[in-house]
Amino acid sequence: MSMTPQELCQILSNDDLMEAEVLKFHNIETHIVQIDSEICCFVYRSTNNKIHVFVNSSLSSNDRKIAIIRELCHLCAVMENDSFIIKRR
């Protein structure tokens with residue numbers, strides 16, 4: 001099964017029950033961590049091509065989900081082999 005970035009983001013934003021399965025299928029793991037308050041989350045692609053999304057534990061549950069979806073959309077659109085950090089606005 002292959003999904004476009006738009007389809008992936010649509011599923012994650014509309015269906016809580018499918019979220020874990022979709023992430024697992026796409027080799028994506030999320031981590032809730034204590035990080036600098038200016039950083040919402042950051043993404044890292046490991047050497048085995050697993051994608052790790054680290055989300056600030058100070059965010060509300062809803063804001064965490066929004067941050068994960070946003071990062072996955074950025075990931076699908078621009079990330080090749082690098083990691084990147086998104087700061088709070």
# chains A, B, ... in the order shown; residues from 1 in each chain; ligands from 1
$ select_by_dssp --residues "region 25-58 of chain A" --states "strand (DSSP E or B)" --output "list in words"
Ile28, Glu29, Thr30, His31, Ile32, Val33, Ile39, Cys40, Cys41, Phe42, Val43, Tyr44, Arg45, Ile51, His52, Val53, Phe54, Val55 and Asn56 of chain A
$ residues_around --residues "Asn27 (chain A)" --least-positions-apart "3" --cutoff "7 Å" --atoms "only C-alpha atoms" --output "PDB file with N, CA and C atoms, in the first residue's frame"
ATOM      1  N   LEU A  23       1.176   5.115  11.166  1.00  0.00           N
ATOM      2  CA  LEU A  23       2.557   5.469  11.506  1.00  0.00           C
ATOM      3  C   LEU A  23       3.453   4.239  11.477  1.00  0.00           C
ATOM      4  N   LYS A  24       2.995   3.161  12.064  1.00  0.00           N
ATOM      5  CA  LYS A  24       3.778   1.923  12.085  1.00  0.00           C
ATOM      6  C   LYS A  24       4.045   1.422  10.664  1.00  0.00           C
ATOM      7  N   LYS A  50      14.377   4.517   9.694  1.00  0.00           N
ATOM      8  CA  LYS A  50      13.210   4.701  10.549  1.00  0.00           C
ATOM      9  C   LYS A  50      13.094   6.186  10.871  1.00  0.00           C
ATOM     10  N   ILE A  51      11.889   6.689  10.855  1.00  0.00           N
ATOM     11  CA  ILE A  51      11.659   8.104  11.113  1.00  0.00           C
ATOM     12  C   ILE A  51      11.193   8.269  12.552  1.00  0.00           C
TER      13      ILE A  51
END
$ closest_residue --among "A:Ile32, A:Cys40, A:Ala20, A:Leu75" --to "Asp63 (chain A)" --atoms "only C-alpha atoms"
A:Cys40
$ atom_distance --atom1 "CA of Phe42 (chain A)" --atom2 "CA of Ala67 (chain A)"
9.3 Å
$ closest_residue --among "A:Arg45, A:Asn56, A:Asn62, A:Leu72" --to "Val33 (chain A)" --atoms "only C-alpha atoms"
A:Asn56
$ closest_residue --among "A:Ile28, A:Val22, A:Cys41, A:Cys73" --to "Ser57 (chain A)" --atoms "only C-alpha atoms"
A:Cys41
